[in-house]
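Asks: work12.tsv (TSV, C-alpha atoms) pasted underneath:
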chain	number	residue	atom	x	y	z
A	1	MET	CA	5.10	186.03	124.48
A	2	ILE	CA	5.97	184.52	121.11
A	3	SER	CA	8.67	181.84	121.27
A	4	THR	CA	11.61	182.25	118.93
A	5	LYS	CA	12.55	178.55	119.25
A	6	ILE	CA	13.02	176.93	115.85
A	7	LEU	CA	10.68	174.03	115.23
A	8	ARG	CA	11.19	171.14	112.84
A	9	PRO	CA	8.48	170.43	110.29
A	10	SER	CA	5.73	168.05	111.35
A	11	VAL	CA	6.68	164.38	111.09
A	12	SER	CA	4.47	161.37	111.44
A	13	ILE	CA	5.15	158.99	114.35
A	14	PHE	CA	2.88	155.95	114.48
A	15	GLY	CA	0.53	157.83	112.15
A	16	ILE	CA	0.29	160.91	114.43
A	17	ALA	CA	1.65	164.25	113.26
A	18	LYS	CA	4.18	165.62	115.75
A	19	THR	CA	6.26	168.78	115.75
A	20	CYS	CA	9.71	168.33	117.31
A	21	SER	CA	12.38	170.69	118.50
A	22	MET	CA	15.29	171.05	116.11
A	23	SER	CA	18.17	168.82	117.16
A	24	SER	CA	21.61	170.37	117.53
A	25	ARG	CA	22.92	167.62	115.27
A	26	ALA	CA	21.37	166.11	112.18
A	27	PRO	CA	20.51	162.42	112.57
A	28	PRO	CA	22.27	159.87	110.36
A	29	LYS	CA	20.24	159.53	107.17
A	30	ALA	CA	20.67	155.75	107.26
A	31	LEU	CA	18.77	155.56	110.55
A	32	LEU	CA	15.76	157.32	109.02
A	33	GLN	CA	15.30	154.32	106.73
A	34	ASP	CA	14.13	150.82	107.57
A	35	MET	CA	16.73	148.08	108.00
A	36	VAL	CA	17.31	145.77	105.06
A	37	VAL	CA	17.50	142.15	106.19
A	38	PRO	CA	17.27	139.85	103.16
A	39	PRO	CA	16.30	136.21	103.55
A	40	ARG	CA	19.37	133.97	103.60
A	41	GLN	CA	20.08	130.27	103.88
A	42	LEU	CA	23.04	130.20	106.25
A	43	PHE	CA	25.27	127.27	105.35
A	44	GLY	CA	28.50	128.84	106.55
A	45	PRO	CA	30.34	128.11	109.81
A	46	GLY	CA	27.80	130.11	111.84
A	47	PRO	CA	25.51	131.72	112.64
A	48	SER	CA	22.90	129.26	111.43
A	49	ASN	CA	19.24	129.77	110.59
A	50	MET	CA	16.84	129.98	113.50
A	51	ALA	CA	13.89	127.62	113.74
A	52	ASP	CA	10.54	129.42	113.99
A	53	SER	CA	10.12	128.29	117.61
A	54	ILE	CA	13.38	130.07	118.48
A	55	ALA	CA	12.82	133.17	116.34
A	56	GLU	CA	9.41	133.72	117.94
A	57	THR	CA	11.01	134.18	121.36
A	58	GLN	CA	12.69	137.38	120.20
A	59	SER	CA	9.40	139.29	120.14
A	60	LYS	CA	8.34	138.26	123.64
A	61	ASN	CA	8.18	141.01	126.26
A	62	LEU	CA	11.19	141.52	128.47
A	63	LEU	CA	11.22	140.41	132.10
A	64	GLY	CA	13.46	141.78	134.80
A	65	HIS	CA	16.58	139.69	135.13
A	66	LEU	CA	15.74	138.89	138.76
A	67	HIS	CA	12.01	138.34	138.26
A	68	PRO	CA	10.96	134.88	139.47
A	69	GLU	CA	9.70	133.92	136.01
A	70	PHE	CA	13.06	134.73	134.45
A	71	VAL	CA	14.91	132.93	137.24
A	72	GLN	CA	12.80	129.86	136.34
A	73	ILE	CA	13.81	130.22	132.68
A	74	MET	CA	17.47	130.38	133.76
A	75	GLY	CA	16.93	127.20	135.76
A	76	ASP	CA	15.44	125.50	132.70
A	77	VAL	CA	18.49	126.56	130.67
A	78	ARG	CA	20.86	125.08	133.25
A	79	LEU	CA	19.04	121.74	133.09
A	80	GLY	CA	19.13	121.82	129.30
A	81	LEU	CA	22.86	122.53	129.25
A	82	GLN	CA	23.54	119.67	131.65
A	83	TYR	CA	21.52	117.50	129.27
A	84	ILE	CA	23.41	118.35	126.08
A	85	PHE	CA	26.84	118.41	127.75
A	86	LYS	CA	25.94	115.11	129.45
A	87	THR	CA	27.11	116.23	132.86
A	88	GLU	CA	25.98	116.47	136.46
A	89	ASN	CA	28.22	119.49	137.09
A	90	LYS	CA	26.47	122.00	139.37
A	91	TYR	CA	28.39	124.90	137.85
A	92	THR	CA	26.75	124.70	134.44
A	93	PHE	CA	25.43	127.98	133.03
A	94	ALA	CA	25.80	130.42	130.11
A	95	VAL	CA	28.26	133.30	129.94
A	96	SER	CA	26.82	136.53	128.52
A	97	GLY	CA	28.96	136.83	125.41
A	98	THR	CA	29.77	134.97	122.22
A	99	GLY	CA	31.52	131.60	122.12
A	100	HIS	CA	34.85	133.35	122.50
A	101	SER	CA	33.76	134.58	125.92
A	102	GLY	CA	33.50	130.93	126.94
A	103	MET	CA	37.16	130.45	126.13
A	104	GLU	CA	38.16	133.54	128.08
A	105	CYS	CA	35.96	132.63	131.05
A	106	ALA	CA	37.47	129.15	131.22
A	107	MET	CA	41.06	130.30	130.94
A	108	VAL	CA	40.98	133.28	133.32
A	109	ASN	CA	39.48	131.02	135.97
A	110	LEU	CA	41.62	127.92	135.46
A	111	LEU	CA	45.03	129.53	134.83
A	112	GLU	CA	47.10	131.80	137.04
A	113	PRO	CA	50.74	132.96	137.12
A	114	GLY	CA	53.15	130.03	137.42
A	115	ASP	CA	50.81	127.54	135.70
A	116	LYS	CA	51.72	125.58	132.58
A	117	PHE	CA	49.31	125.25	129.66
A	118	LEU	CA	49.32	122.50	127.00
A	119	VAL	CA	47.46	123.30	123.77
A	120	VAL	CA	46.46	120.65	121.25
A	121	GLU	CA	46.44	122.64	118.01
A	122	ILE	CA	44.46	121.40	114.99
A	123	GLY	CA	43.60	124.83	113.59
A	124	LEU	CA	42.89	128.45	114.45
A	125	TRP	CA	41.23	127.86	117.82
A	126	GLY	CA	44.23	126.17	119.36
A	127	GLN	CA	46.29	129.12	118.17
A	128	ARG	CA	43.77	131.51	119.74
A	129	ALA	CA	43.88	129.71	123.11
A	130	ALA	CA	47.69	129.81	123.08
A	131	ASP	CA	47.64	133.52	122.23
A	132	LEU	CA	45.27	134.28	125.09
A	133	ALA	CA	47.49	132.35	127.53
A	134	ASN	CA	50.53	134.28	126.29
A	135	ARG	CA	48.69	137.55	126.99
A	136	MET	CA	48.07	136.26	130.53
A	137	GLY	CA	51.78	135.55	131.03
A	138	ILE	CA	51.25	131.78	131.14
A	139	GLU	CA	53.88	129.28	129.99
A	140	VAL	CA	52.51	127.57	126.86
A	141	LYS	CA	53.47	124.40	125.02
A	142	LYS	CA	51.74	123.42	121.77
A	143	ILE	CA	51.41	120.02	120.17
A	144	SER	CA	50.18	120.40	116.60
A	145	ALA	CA	48.90	118.48	113.60
A	146	PRO	CA	49.06	119.51	109.92
A	147	HIS	CA	45.84	121.20	108.83
A	148	GLY	CA	43.24	118.61	107.92
A	149	LYS	CA	44.56	116.08	110.43
A	150	ALA	CA	44.21	115.41	114.16
A	151	VAL	CA	46.90	114.97	116.80
A	152	PRO	CA	47.26	111.26	117.71
A	153	VAL	CA	45.93	110.66	121.21
A	154	GLU	CA	49.13	108.80	122.08
A	155	ASP	CA	51.13	111.95	121.34
A	156	ILE	CA	48.84	113.97	123.62
A	157	GLN	CA	49.22	111.45	126.43
A	158	LYS	CA	53.00	111.57	126.06
A	159	ALA	CA	53.04	115.39	126.11
A	160	ILE	CA	50.92	115.45	129.29
A	161	ALA	CA	53.25	112.98	131.00
A	162	GLU	CA	56.41	114.86	130.02
A	163	TYR	CA	55.28	118.49	130.32
A	164	LYS	CA	53.09	118.08	133.43
A	165	PRO	CA	50.71	120.95	132.56
A	166	ASN	CA	48.12	122.43	134.91
A	167	LEU	CA	45.59	122.71	132.09
A	168	VAL	CA	45.19	120.91	128.74
A	169	PHE	CA	43.18	122.54	125.92
A	170	VAL	CA	41.55	120.64	123.04
A	171	CYS	CA	39.15	121.98	120.44
A	172	GLN	CA	36.85	119.06	119.61
A	173	GLY	CA	35.76	120.48	116.27
A	174	ASP	CA	37.91	123.17	114.70
A	175	SER	CA	35.80	125.31	112.37
A	176	SER	CA	38.87	126.53	110.46
A	177	THR	CA	39.83	123.04	109.25
A	178	GLY	CA	36.74	120.87	109.74
A	179	VAL	CA	38.69	118.37	111.85
A	180	ALA	CA	37.10	116.49	114.76
A	181	GLN	CA	39.82	115.74	117.31
A	182	PRO	CA	39.37	112.39	119.15
A	183	LEU	CA	39.05	112.96	122.91
A	184	GLU	CA	39.02	109.45	124.37
A	185	THR	CA	41.60	108.73	127.13
A	186	ILE	CA	42.86	112.33	127.28
A	187	GLY	CA	40.87	112.89	130.47
A	188	ASP	CA	42.44	109.79	132.01
A	189	ALA	CA	45.92	111.11	131.25
A	190	CYS	CA	45.01	114.47	132.76
A	191	ARG	CA	43.77	112.83	135.97
A	192	GLU	CA	46.89	110.67	136.19
A	193	HIS	CA	49.20	113.67	135.98
A	194	GLY	CA	47.16	116.25	137.93
A	195	ALA	CA	46.02	118.36	134.99
A	196	LEU	CA	42.60	119.83	134.27
A	197	PHE	CA	40.99	119.04	130.90
A	198	LEU	CA	39.41	121.92	128.92
A	199	VAL	CA	37.41	121.29	125.72
A	200	ASP	CA	36.04	123.74	123.13
A	201	THR	CA	32.77	122.43	121.62
A	202	VAL	CA	31.66	125.66	119.92
A	203	ALA	CA	31.34	124.03	116.47
A	204	SER	CA	30.56	120.49	117.58
A	205	LEU	CA	28.04	120.44	120.44
A	206	GLY	CA	24.82	118.69	119.43
A	207	GLY	CA	26.27	117.47	116.13
A	208	THR	CA	29.15	115.28	117.35
A	209	PRO	CA	29.25	112.71	120.17
A	210	PHE	CA	30.30	114.36	123.43
A	211	ASP	CA	29.92	113.20	127.03
A	212	ALA	CA	31.63	115.54	129.49
A	213	ASP	CA	31.44	113.24	132.49
A	214	ALA	CA	32.41	110.03	130.69
A	215	LEU	CA	35.37	111.81	129.04
A	216	LYS	CA	36.43	113.28	132.41
A	217	VAL	CA	36.29	116.82	131.07
A	218	ASP	CA	36.84	119.49	133.74
A	219	CYS	CA	35.59	122.45	131.75
A	220	VAL	CA	33.70	122.64	128.48
A	221	TYR	CA	32.27	125.64	126.68
A	222	SER	CA	30.27	126.13	123.51
A	223	ALA	CA	28.17	128.70	121.64
A	224	THR	CA	24.52	129.19	120.75
A	225	GLN	CA	24.63	130.04	117.03
A	226	LYS	CA	25.64	126.74	115.46
A	227	VAL	CA	23.83	123.42	116.05
A	228	LEU	CA	21.56	125.08	118.62
A	229	ASN	CA	20.25	127.50	115.93
A	230	ALA	CA	19.93	130.36	118.44
A	231	PRO	CA	21.32	133.89	117.98
A	232	PRO	CA	24.94	134.46	118.98
A	233	GLY	CA	25.40	136.09	122.36
A	234	LEU	CA	25.70	133.36	124.99
A	235	ALA	CA	28.44	130.83	125.71
A	236	PRO	CA	27.24	127.66	127.49
A	237	ILE	CA	29.90	126.48	129.94
A	238	SER	CA	30.33	123.80	132.61
A	239	PHE	CA	32.93	123.37	135.36
A	240	SER	CA	33.59	120.08	137.16
A	241	ASP	CA	34.02	119.86	140.92
A	242	ARG	CA	37.79	119.53	140.33
A	243	ALA	CA	37.77	122.75	138.34
A	244	ILE	CA	35.74	124.60	141.00
A	245	GLU	CA	38.16	123.39	143.67
A	246	LYS	CA	41.05	124.79	141.63
A	247	ILE	CA	39.25	128.15	141.34
A	248	ARG	CA	38.46	128.30	145.07
A	249	ASN	CA	42.09	127.57	145.94
A	250	ARG	CA	43.72	130.07	143.58
A	251	LYS	CA	46.67	132.01	144.94
A	252	GLN	CA	45.32	135.15	143.28
A	253	ARG	CA	41.74	136.24	142.68
A	254	VAL	CA	40.39	135.85	139.16
A	255	ALA	CA	41.44	139.02	137.37
A	256	SER	CA	38.06	139.49	135.67
A	257	PHE	CA	34.96	140.13	137.76
A	258	TYR	CA	32.73	139.71	134.71
A	259	PHE	CA	34.13	136.24	133.92
A	260	ASP	CA	34.56	135.06	137.54
A	261	ALA	CA	33.00	131.57	137.47
A	262	LEU	CA	32.04	131.66	141.15
A	263	GLU	CA	30.22	134.98	140.75
A	264	LEU	CA	28.52	133.80	137.54
A	265	GLY	CA	27.63	130.50	139.15
A	266	ASN	CA	25.93	132.32	142.01
A	267	TYR	CA	24.02	134.55	139.56
A	268	TRP	CA	22.79	131.46	137.69
A	269	GLY	CA	21.76	129.68	140.92
A	270	CYS	CA	24.50	127.02	140.82
A	271	ASP	CA	25.68	127.30	144.43
A	272	GLY	CA	22.36	127.25	146.32
A	273	GLU	CA	23.19	130.56	147.98
A	274	LEU	CA	21.21	133.82	147.96
A	275	LYS	CA	21.59	135.25	144.46
A	276	ARG	CA	23.84	138.32	144.20
A	277	TYR	CA	23.64	140.93	141.47
A	278	HIS	CA	26.38	140.34	138.91
A	279	HIS	CA	25.18	141.81	135.61
A	280	THR	CA	21.99	142.17	133.60
A	281	ALA	CA	21.61	139.05	131.50
A	282	PRO	CA	20.66	139.39	127.79
A	283	ILE	CA	17.04	138.49	128.50
A	284	SER	CA	15.85	137.78	124.95
A	285	THR	CA	18.93	135.73	124.13
A	286	VAL	CA	18.30	133.56	127.18
A	287	TYR	CA	14.73	133.04	125.92
A	288	ALA	CA	16.17	131.89	122.60
A	289	LEU	CA	18.61	129.50	124.26
A	290	ARG	CA	15.80	128.02	126.34
A	291	ALA	CA	13.76	127.40	123.15
A	292	ALA	CA	16.81	125.92	121.39
A	293	LEU	CA	17.48	123.52	124.25
A	294	SER	CA	13.80	122.56	124.25
A	295	ALA	CA	14.06	121.67	120.56
A	296	ILE	CA	17.08	119.45	121.24
A	297	ALA	CA	15.32	117.81	124.19
A	298	LYS	CA	12.26	117.03	122.09
A	299	GLU	CA	14.35	115.42	119.36
A	300	GLY	CA	16.81	113.82	121.80
A	301	ILE	CA	20.49	114.70	122.04
A	302	ASP	CA	21.64	111.33	120.68
A	303	GLU	CA	19.09	111.55	117.86
A	304	SER	CA	20.35	115.03	116.96
A	305	ILE	CA	23.92	113.74	116.81
A	306	GLN	CA	22.90	110.76	114.67
A	307	ARG	CA	20.95	113.01	112.25
A	308	HIS	CA	24.02	115.18	111.72
A	309	LYS	CA	26.14	112.10	111.16
A	310	ASP	CA	23.66	110.62	108.66
A	311	ASN	CA	23.35	113.87	106.74
A	312	SER	CA	27.11	114.30	106.58
A	313	GLN	CA	27.06	111.16	104.43
A	314	VAL	CA	24.50	112.83	102.16
A	315	LEU	CA	26.89	115.77	101.80
A	316	TYR	CA	29.92	113.60	101.06
A	317	ALA	CA	27.99	111.68	98.39
A	318	ALA	CA	26.73	114.90	96.78
A	319	LEU	CA	30.26	116.35	96.69
A	320	LYS	CA	31.56	113.18	95.05
A	321	ASN	CA	28.79	113.26	92.44
A	322	HIS	CA	29.90	116.76	91.47
A	323	GLY	CA	33.63	115.98	91.41
A	324	LEU	CA	34.42	117.82	94.65
A	325	GLU	CA	36.59	116.59	97.54
A	326	PRO	CA	36.46	117.06	101.30
A	327	PHE	CA	39.55	118.77	102.70
A	328	VAL	CA	39.80	116.28	105.59
A	329	GLU	CA	40.77	113.03	103.90
A	330	ASP	CA	40.18	110.68	106.83
A	331	GLU	CA	36.40	110.43	107.14
A	332	LYS	CA	36.66	109.43	110.81
A	333	LEU	CA	38.25	112.83	111.54
A	334	ARG	CA	35.63	114.94	109.78
A	335	LEU	CA	33.34	117.17	111.81
A	336	PRO	CA	29.83	115.94	110.88
A	337	CYS	CA	28.16	119.35	111.12
A	338	LEU	CA	30.82	121.43	109.34
A	339	THR	CA	32.49	120.13	106.19
A	340	THR	CA	35.51	121.71	104.56
A	341	VAL	CA	35.74	121.34	100.77
A	342	LYS	CA	38.85	121.74	98.61
A	343	VAL	CA	38.73	124.67	96.20
A	344	PRO	CA	39.48	123.28	92.69
A	345	GLU	CA	42.62	124.52	90.99
A	346	GLY	CA	42.14	127.76	89.07
A	347	ILE	CA	38.95	128.69	90.89
A	348	ASP	CA	38.63	131.86	93.00
A	349	TRP	CA	36.72	130.85	96.12
A	350	LYS	CA	35.39	134.38	96.58
A	351	ASP	CA	33.77	134.45	93.14
A	352	VAL	CA	31.97	131.19	93.84
A	353	ALA	CA	30.84	132.22	97.33
A	354	GLY	CA	29.68	135.54	95.90
A	355	LYS	CA	27.59	133.86	93.21
A	356	MET	CA	25.97	131.66	95.83
A	357	LEU	CA	25.21	134.65	98.03
A	358	THR	CA	23.40	136.39	95.17
A	359	ASN	CA	21.22	133.27	95.08
A	360	GLY	CA	20.47	133.63	98.78
A	361	VAL	CA	22.83	130.93	100.08
A	362	GLU	CA	25.88	131.55	102.27
A	363	ILE	CA	28.94	129.34	102.45
A	364	ALA	CA	32.31	130.58	103.70
A	365	GLY	CA	35.93	130.42	102.66
A	366	GLY	CA	38.80	129.28	104.83
A	367	LEU	CA	39.92	130.85	108.09
A	368	GLY	CA	43.50	131.60	109.05
A	369	ALA	CA	45.93	129.34	107.20
A	370	THR	CA	43.14	127.72	105.15
A	371	VAL	CA	42.05	130.95	103.41
A	372	GLY	CA	41.88	130.37	99.65
A	373	LYS	CA	42.21	126.60	100.02
A	374	ILE	CA	38.74	125.56	101.17
A	375	TRP	CA	35.09	126.36	101.45
A	376	ARG	CA	33.32	125.70	104.73
A	377	ILE	CA	29.79	124.31	104.64
A	378	GLY	CA	27.92	124.28	107.93
A	379	THR	CA	24.96	121.91	108.22
A	380	PHE	CA	23.89	122.94	111.70
A	381	GLY	CA	20.63	122.05	113.39
A	382	ILE	CA	17.65	122.57	111.06
A	383	ASN	CA	20.03	122.87	108.10
A	384	SER	CA	21.13	119.27	108.62
A	385	ASN	CA	18.48	118.21	106.13
A	386	LYS	CA	18.91	115.93	103.08
A	387	THR	CA	17.05	118.09	100.58
A	388	LYS	CA	18.67	121.34	101.74
A	389	ILE	CA	22.15	119.79	101.61
A	390	GLU	CA	21.69	118.40	98.09
A	391	ASN	CA	20.40	121.79	96.89
A	392	VAL	CA	23.38	123.62	98.39
A	393	VAL	CA	25.90	121.30	96.72
A	394	GLU	CA	24.00	121.60	93.42
A	395	LEU	CA	24.26	125.39	93.65
A	396	LEU	CA	27.94	125.16	94.60
A	397	SER	CA	28.67	123.04	91.53
A	398	LYS	CA	26.70	125.37	89.29
A	399	SER	CA	28.54	128.41	90.67
A	400	ILE	CA	31.93	126.73	90.10
A	401	ASN	CA	31.02	125.94	86.49
A	402	GLU	CA	29.84	129.51	85.88
A	403	THR	CA	33.12	130.81	87.30
A	404	ARG	CA	35.11	128.46	85.05
A	405	MET	CA	33.16	129.62	82.00
A	406	TYR	CA	33.72	133.27	82.87
A	407	CYS	CA	37.47	132.65	83.26
A	408	PHE	CA	37.56	130.81	79.92
A	409	ILE	CA	35.80	133.65	78.09
A	410	ASN	CA	38.13	136.24	79.61
A	411	LEU	CA	41.20	134.18	78.75
A	412	TYR	CA	40.37	133.59	75.11
A	413	TYR	CA	38.32	136.60	74.06
A	414	PHE	CA	39.79	139.54	75.95
Show this structure as structure tokens.
Replies:
Amino acid sequence: MISTKILRPSVSIFGIAKTCSMSSRAPPKALLQDMVVPPRQLFGPGPSNMADSIAETQSKNLLGHLHPEFVQIMGDVRLGLQYIFKTENKYTFAVSGTGHSGMECAMVNLLEPGDKFLVVEIGLWGQRAADLANRMGIEVKKISAPHGKAVPVEDIQKAIAEYKPNLVFVCQGDSSTGVAQPLETIGDACREHGALFLVDTVASLGGTPFDADALKVDCVYSATQKVLNAPPGLAPISFSDRAIEKIRNRKQRVASFYFDALELGNYWGCDGELKRYHHTAPISTVYALRAALSAIAKEGIDESIQRHKDNSQVLYAALKNHGLEPFVEDEKLRLPCLTTVKVPEGIDWKDVAGKMLTNGVEIAGGLGATVGKIWRIGTFGINSNKTKIENVVELLSKSINETRMYCFINLYYF
């Protein structure tokens, strides 16, 4: 019998001619072409460039997420996270999700109906935490600083004493403003008044001094794509014993199974109990995080922080040489690994950033209320390098001057 089935023309797969059945739907033409991934120097607020040792992990074969070799890698990651957070917390692991998932994991575990939440707002991320709490039906009080400034610690202590919150949120380094909020003594005030202390270190971990245990932090979360130079997709997080006690004694179960810290802690081997299936971890991303933590360990966490601090001075000096100003005027309040720069009057930030991108270098504009007012230059991890920083500022200055010249020509000749 002769088949009447329509056949597609022969196509080559791995060099072998193959005749396929005609699909009932034509494939997207874009997917018949190779991806275009141009080389870029990523000097924005994240993601950052991967070191070769981290990038190489992405081509390693997959393991099963419960294979003993992968469980060992997870154990290595836990030790590395305890090292960079500077904590002995048993419940230290990585949430499968971006840095934002760290925020959600922390808040859905540490807040429940009837709780009060105090947010220290120095930019977009305080606003985001307050918005999430509002969605959860939590009573929220904010204490804010003008953009480019920090909230005085004395004001935070006073707010804790008067408001008596269950949880206090502080973003250590706000990527929308470039401000580094001082954290000293906030943990003491929280302990005195029965509050838990939650800190966002997404933009600061590894580039700014942070010691979870010394600061009496009860929960801290971060992200992988900034100083760690790993791909986005995991949110390192750590819960103190006080925080775990709060979770165990909740009046209501955590509303999210996926973000339940006790379930995640078991999956990551934090509780010493037989491991239960929770989800399938992003295997390759965990490889990358392990390599990133290894790189930090080999350099030393304190040495990494000092390098970022030293190279921030290189950046400030280069900006000054080119007539540019940091947005955060008080140098002590600047985030060493992410610098915000004032956009000069009459300059369109997008035009400048676009010119730099055509030259293979990314910087970013403002975020939230700072849009149009600043550029954000991230010097994370391997990009915290004197020569690279000076070259980026040189290109920024050149792009500004080209934009000025273009505006001048348009104004007077057209």
Asks: Residues of region 92-162 of chain A that have any atom at most 10 Å from an atom of region 259-267 of chain A: could you tabulate them with the shortest-distance atom pair and the distance in Å to one decimal, using all atoms listed in the file, ordered by chain and increasing number, as a Markdown table?
Replies:
| residue | atom | partner | partner_atom | distance |
| --- | --- | --- | --- | --- |
| A:Thr92 | CA | A:Gly265 | CA | 7.5 |
| A:Phe93 | CA | A:Gly265 | CA | 7.0 |
| A:Ala94 | CA | A:Leu264 | CA | 8.6 |
| A:Val95 | CA | A:Leu264 | CA | 7.6 |
| A:Ser96 | CA | A:Phe259 | CA | 9.1 |
| A:Gly97 | CA | A:Phe259 | CA | 10.0 |
| A:Ser101 | CA | A:Phe259 | CA | 8.2 |
| A:Gly102 | CA | A:Phe259 | CA | 8.8 |
| A:Glu104 | CA | A:Phe259 | CA | 7.6 |
| A:Cys105 | CA | A:Phe259 | CA | 5.0 |
| A:Ala106 | CA | A:Ala261 | CA | 8.1 |
| A:Met107 | CA | A:Phe259 | CA | 9.6 |
| A:Val108 | CA | A:Phe259 | CA | 7.5 |
| A:Asn109 | CA | A:Asp260 | CA | 6.6 |
| A:Leu110 | CA | A:Ala261 | CA | 9.6 |
Asks: Kindly indicate which residue among A:Val202, A:Val314, A:Ile347, A:Leu367 lies nearest to Val393 (chain A), using all atoms listed in the file for the distances.
Replies: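 Under the stated criterion, the closest residue is A:Val314.
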Asks: From the list A:Arg307, A:Arg290, A:Lys216, A:Lys355, which residue is nearest Leu228 (chain A) when using only C-alpha atoms?
Replies: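 Of A:Arg307, A:Arg290, A:Lys216, A:Lys355, the one nearest Leu228 (chain A), counting only C-alpha atoms, is A:Arg290.
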Asks: Which residue gives the smallest distance to Val77 (chain A) among A:Ile305, A:Leu293, A:Leu395, A:Val119, with all atoms listed in the file counted?
Replies: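 Residue with the minimum atom-to-atom distance to Val77 (chain A): A:Leu293.
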Asks: Identify the residues within 9 Å of coordinate (37.4, 127.4, 126.8) (same frame as the file), considering all atoms listed in the file, and give the answer as a list in words.
Replies: Gly99, His100, Ser101, Gly102, Met103, Glu104, Cys105, Ala106, Met107, Ala129, Phe169, Val170, Cys171, Leu198, Val199, Asp200, Thr201, Cys219, Val220, Tyr221, Ser222 and Ile237 of chain A
Asks: Is it possible to get the residues within 10 Å of (45.4, 111.2, 127.8) (coordinates as in the file, counting all atoms listed in the file) written as a ChimeraX atom specification?
Replies: /A:153-161,168,183-193,197
Asks: Interatomic distance between CA of Val227 (chain A) and CA of Gly206 (chain A)?
Replies: 5.9 Å
Asks: Ranking A:Pro47, A:Pro282, A:Pro28, A:Gly126 by minimum distance to Gly368 (chain A) and counting all atoms listed in the file, which one comes first?
Replies: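 Smallest separation from Gly368 (chain A) among the options: A:Gly126.
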Asks: May I have the residues within 9 Å of Lys373 (chain A) as a compact mmCIF listing (two decimals) with C-alpha atoms, in the frame of the given file, using only C-alpha atoms and disregarding those fewer than 4 positions away in the same chain?
Replies:
# COMPACT_ATOMS: atom_id res chain seq x y z
CA PHE A 327 39.55 118.77 102.70
CA VAL A 341 35.74 121.34 100.77
CA LYS A 342 38.85 121.74 98.61
CA VAL A 343 38.73 124.67 96.20
CA PRO A 344 39.48 123.28 92.69
CA TRP A 349 36.72 130.85 96.12
CA GLY A 365 35.93 130.42 102.66
CA GLY A 366 38.80 129.28 104.83
CA ALA A 369 45.93 129.34 107.20
Asks: Using only C-alpha atoms, which residues sit within 10 Å of Thr280 (chain A) once same-chain residues fewer than 3 positions away are excluded, as an NGL selection string?
Replies: :A and (64-66 or 96 or 267 or 277 or 283)
Asks: Can you list, as a PyMOL selection string, every protein, DNA or RNA residue that comes within 12 Å of Leu79 (chain A) when you count only C-alpha atoms, leaving out same-chain residues fewer than 2 positions away?
Replies: chain A and resi 72-77+81-94+236+238+268-270+289-290+293-294+297
Asks: Could you complete region 216-228 of chain A so that it carries N, CA and C atoms, and give it back as an mmCIF file, in the frame of the given file?
Replies:
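Wrote it out as out_34.cif, contents follow:
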data_model
loop_
_atom_site.group_PDB
_atom_site.id
_atom_site.type_symbol
_atom_site.label_atom_id
_atom_site.label_comp_id
_atom_site.auth_asym_id
_atom_site.auth_seq_id
_atom_site.Cartn_x
_atom_site.Cartn_y
_atom_site.Cartn_z
ATOM 1 N N LYS A 216 35.697 112.667 131.297
ATOM 2 C CA LYS A 216 36.430 113.280 132.410
ATOM 3 C C LYS A 216 36.922 114.680 132.058
ATOM 4 N N VAL A 217 36.012 115.431 131.435
ATOM 5 C CA VAL A 217 36.290 116.820 131.070
ATOM 6 C C VAL A 217 36.042 117.699 132.300
ATOM 7 N N ASP A 218 36.966 118.607 132.575
ATOM 8 C CA ASP A 218 36.840 119.490 133.740
ATOM 9 C C ASP A 218 36.183 120.815 133.412
ATOM 10 N N CYS A 219 36.291 121.240 132.180
ATOM 11 C CA CYS A 219 35.590 122.450 131.750
ATOM 12 C C CYS A 219 35.307 122.328 130.259
ATOM 13 N N VAL A 220 34.076 122.644 129.889
ATOM 14 C CA VAL A 220 33.700 122.640 128.480
ATOM 15 C C VAL A 220 32.870 123.889 128.220
ATOM 16 N N TYR A 221 33.085 124.491 127.057
ATOM 17 C CA TYR A 221 32.270 125.640 126.680
ATOM 18 C C TYR A 221 31.827 125.472 125.235
ATOM 19 N N SER A 222 30.798 126.231 124.869
ATOM 20 C CA SER A 222 30.270 126.130 123.510
ATOM 21 C C SER A 222 29.699 127.486 123.105
ATOM 22 N N ALA A 223 28.807 127.485 122.119
ATOM 23 C CA ALA A 223 28.170 128.700 121.640
ATOM 24 C C ALA A 223 26.754 128.364 121.212
ATOM 25 N N THR A 224 25.945 129.391 121.021
ATOM 26 C CA THR A 224 24.520 129.190 120.750
ATOM 27 C C THR A 224 24.144 129.216 119.281
ATOM 28 N N GLN A 225 25.037 129.711 118.398
ATOM 29 C CA GLN A 225 24.630 130.040 117.030
ATOM 30 C C GLN A 225 24.948 128.980 115.990
ATOM 31 N N LYS A 226 25.310 127.786 116.436
ATOM 32 C CA LYS A 226 25.640 126.740 115.460
ATOM 33 C C LYS A 226 24.572 125.643 115.500
ATOM 34 N N VAL A 227 24.838 124.475 116.036
ATOM 35 C CA VAL A 227 23.830 123.420 116.050
ATOM 36 C C VAL A 227 22.571 123.847 116.804
ATOM 37 N N LEU A 228 22.717 124.665 117.835
ATOM 38 C CA LEU A 228 21.560 125.080 118.620
ATOM 39 C C LEU A 228 20.619 126.015 117.869
#
